[in-house]
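As structure tokens, the structure follows; a few thoughts come after it.
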Amino acid sequence: MIILATDNQIQKVADQLCIAKSVAVLTGAGVSAESGIPTFRDSLTGLWSNFNAEELATPMAFRKNPELVWQWYYSRRIKNSSCKPNFGHLALAKMESKIDDFSLITQNVDGLHQAAGSKNIIELHGSLQNFICFDNHHHIENHIVDSSPEKPPYCSICGSLARPGVVWFGEVLPELAIRSSMEALEKANIFLVVGTSGQVQPAASFGLIAQKNGATVVVINPDESARIENAIFLQGPAGEILPKLVSLTWPT
Ligand code: BV8
């Protein structure tokens, strides 16, 4: 992929970033694309090619066919474990080290921002590093998860089925994640929206909320359709735009 945004366009954002007191970033599946993790709406490949992610990522799908949904998440967990943070993840970790008040809000469940060294991470949709039981959200040990590729193990406390510690469609987001995100959007001078198609609520509304609070919103995405009205658009892959933005903002 090539960078379509001009150096001049990126420099204009760098000029604002270097004087920003508070920065918030929202990432979606696109920021992990260059690490080899298919984006959420990429057609599901192989065994999953005849399924729709939004239909599988629901409590109803799990109740209807726990083995199918379990195997999908198990395969994603194995895939994620072999993927490494890319230059986009690393650039966001460096940006955080340069800005006193920095919040990284992610829709992703792959753990790559943590692996890249980012610290103040708000996981809106949970994490594939964490498994819980369906009925009571008791923690399920990773070694029990790893030893059961075909079907969900049972919770040793209440006997209900294990499930991934992610937020499914139709489930409410963690209260703390929402509260922390709103706090970050209230004070951000700049809000970067990176690698998300803006289809999933409530994250899809964060750009508008940030704008209403007076932030400059910058969208980073190779796809024009991700544009947000009255926002700056830097067209190109996150793994190339973000490192360039960081090097132009902090040249040393
Ligand atoms: C909620 C975890 C309140 C699981 C995910 C009816 C009933 C109930 C709710 C609803 C309803 N109708 C609507 C809703 C709300 C619903 C929703 O928004 N639905 C959509 C589909 C219309 N939201 C919810 O249900 C949320 N909860 O609202 O609670 C409630 C509760 C009950 C009743 C009513 C209300 C919960 C949503 C959380 C779902 N869980 N993930 C899992 O991962 O399996 S969401 C899932 O989609 C992933 O987290 C993913 O990150 C996220 C968003 O997608 P994107 O990240 O944007 O990924 P996508 O593939 O779409 O796009 C990738 C982008 O990257 C593209 O733009 C591409 O151009 C770009 N890209 C590609 N390469 C690169 C790149 N960018 C940069 N660099 C590159 N190299």
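Identifiers in the structure tokens: chain A, B, ... in order shown; residue index from 1 per chain; ligand index from 1 in order shown.
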Original post:
Can you tell me which residues sit at most 6 Å away from ligand 1, counting only C-alpha atoms and all ligand atoms, written as a ChimeraX atom specification?
Top reply: /A:28-31,33-34,39-42,57,107-109,125,166-173,194-202,221-223,226,237-238
Original post:
Which residues, written as a list of chain:residue names, have at least one atom at most 10 Å from region 79-86 of chain A, with only C-alpha atoms counted and residues fewer than 6 positions away on the same chain left out?
Top reply: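 Listing them by chain and then by number gives A:Val31, A:Ser32, A:Ala33, A:Glu34, A:Ser35, A:Gly36, A:Ile37, A:Pro38, A:Tyr73, A:Val109, A:Asp110, A:Gly111, A:Leu112, A:His113, A:Gln114, A:Ala115, A:Ala116, A:Gly117, A:Leu128, A:Gln129, A:Ala238, A:Gly239, A:Glu240.
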Could you please take those selected residues and save C-alpha atoms as a tab-separated table (two decimals), in the first residue's frame?
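That gives us result_23.tsv:
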```
chain	number	residue	atom	x	y	z
A	31	VAL	CA	-4.52	-0.72	12.63
A	32	SER	CA	-3.77	-4.47	12.95
A	33	ALA	CA	-4.18	-5.25	9.23
A	34	GLU	CA	-0.44	-4.77	8.57
A	35	SER	CA	0.27	-7.25	11.37
A	36	GLY	CA	-1.56	-9.89	9.35
A	37	ILE	CA	-4.85	-9.88	11.30
A	38	PRO	CA	-7.80	-9.71	8.86
A	73	TYR	CA	-12.52	-17.40	18.57
A	109	VAL	CA	-9.39	-7.42	20.98
A	110	ASP	CA	-5.97	-8.61	19.70
A	111	GLY	CA	-3.72	-7.22	22.45
A	112	LEU	CA	-1.24	-5.72	19.93
A	113	HIS	CA	-1.32	-2.22	21.47
A	114	GLN	CA	-0.18	-3.71	24.81
A	115	ALA	CA	2.49	-5.71	22.97
A	116	ALA	CA	3.72	-2.49	21.30
A	117	GLY	CA	4.19	-0.82	24.71
A	128	LEU	CA	-9.20	-12.17	23.34
A	129	GLN	CA	-6.52	-12.55	26.02
A	238	ALA	CA	-1.72	3.34	9.53
A	239	GLY	CA	1.63	1.52	9.47
A	240	GLU	CA	3.00	4.24	7.19
```
Original post:
Using only C-alpha atoms, which residues sit within 12 Å of Thr216 (chain A) once same-chain residues fewer than 4 positions away are excluded, as a VMD selection string?
Top reply: chain A and resid 12 to 13 16 to 17 20 22 to 25 185 187 to 193 207 to 212 228 to 233
**OP:** Mind checking which residues fall within 8 Å of Leu104 (chain A), counting only C-alpha atoms, ignoring those fewer than 6 positions away in the same chain, and posting them as a list in words?
**Re:**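 Listing them by chain and then by number gives Ala24, Val25, Leu26, Thr27, Ser118, Asn120, Ile121 and Ile122 of chain A.
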Original post:
Tell me, which residues of region 2-175 of chain A carry DSSP helix (DSSP H, G or I), written as an NGL selection string?
Top reply: :A and (7-17 or 29-35 or 46-48 or 53-56 or 59-64 or 66-81 or 87-98 or 112-116 or 142-146 or 175)
Original post:
Counting only C-alpha atoms, what is within 12 Å of His143 (chain A), bar same-chain residues fewer than 2 positions away, as a list in words?
Top reply: Gln129, Asn130, Phe131, His139, Ile140, Glu141, Val145, Asp146, Ser147, Ser148, Pro149 and Pro153 of chain A
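Between Asp15 (chain A) and the residues A:Ser225, A:Ser103, A:Ser247, A:Ser181, the shortest atom-to-atom distance, using only C-alpha atoms, involves A:Ser247.
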Subject >> One-decimal distance in Å that lies between CA of Val219 (chain A) and CA of Gln9 (chain A) >> reply: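 Taking CA of Gln9 (chain A) as the start and CA of Val219 (chain A) as the end point, the length is 12.0 Å.
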**OP:** Per DSSP on the backbone, filter region 9-219 of chain A down to the residues in strand (DSSP E or B) and report them as an MDAnalysis selection string.
**Re:** chainID A and resid 22:27 101:106 121:123 126:133 139:140 154 161:166 190:194 216:219
How would the residues just picked look written out with C-alpha atoms as a tab-separated table (two decimals), in the first residue's frame?
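For reference, result.tsv as written:
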```
chain	number	residue	atom	x	y	z
A	22	SER	CA	-4.36	16.26	25.47
A	23	VAL	CA	-4.64	13.66	22.70
A	24	ALA	CA	-7.09	10.77	22.28
A	25	VAL	CA	-6.90	8.02	19.66
A	26	LEU	CA	-9.55	5.52	18.55
A	27	THR	CA	-8.30	2.44	16.70
A	101	ASP	CA	-2.30	13.40	28.62
A	102	PHE	CA	-2.82	10.56	26.11
A	103	SER	CA	-5.65	8.01	25.82
A	104	LEU	CA	-5.71	5.07	23.42
A	105	ILE	CA	-9.28	3.81	22.92
A	106	THR	CA	-9.38	0.59	20.93
A	121	ILE	CA	-5.38	1.63	26.75
A	122	ILE	CA	-9.18	1.56	26.93
A	123	GLU	CA	-10.45	-1.76	25.49
A	126	GLY	CA	-12.86	-6.51	25.69
A	127	SER	CA	-9.96	-8.78	24.85
A	128	LEU	CA	-9.20	-12.17	23.34
A	129	GLN	CA	-6.52	-12.55	26.02
A	130	ASN	CA	-9.29	-13.08	28.59
A	131	PHE	CA	-11.90	-15.86	28.82
A	132	ILE	CA	-14.88	-15.94	31.22
A	133	CYS	CA	-17.89	-18.15	31.84
A	139	HIS	CA	-12.40	-16.04	34.96
A	140	ILE	CA	-11.32	-19.14	32.99
A	154	TYR	CA	-17.01	-25.69	31.62
A	161	LEU	CA	-19.67	-22.70	29.36
A	162	ALA	CA	-16.47	-20.69	28.78
A	163	ARG	CA	-16.69	-17.80	26.30
A	164	PRO	CA	-14.24	-15.14	25.05
A	165	GLY	CA	-13.97	-12.00	27.24
A	166	VAL	CA	-15.11	-9.80	24.37
A	190	ILE	CA	-6.77	16.28	18.90
A	191	PHE	CA	-8.69	13.02	18.29
A	192	LEU	CA	-7.14	10.54	15.85
A	193	VAL	CA	-9.53	7.94	14.34
A	194	VAL	CA	-7.35	5.18	12.90
A	216	THR	CA	-9.59	18.62	15.84
A	217	VAL	CA	-10.50	15.18	14.44
A	218	VAL	CA	-8.07	13.41	12.12
A	219	VAL	CA	-9.09	10.23	10.24
```
Original post:
When you draw a straight line from CA of Leu234 (chain A) to CA of Leu4 (chain A), how long is it in Å?
Top reply: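 One can read the CA of Leu234 (chain A) to CA of Leu4 (chain A) distance as 7.6 Å.
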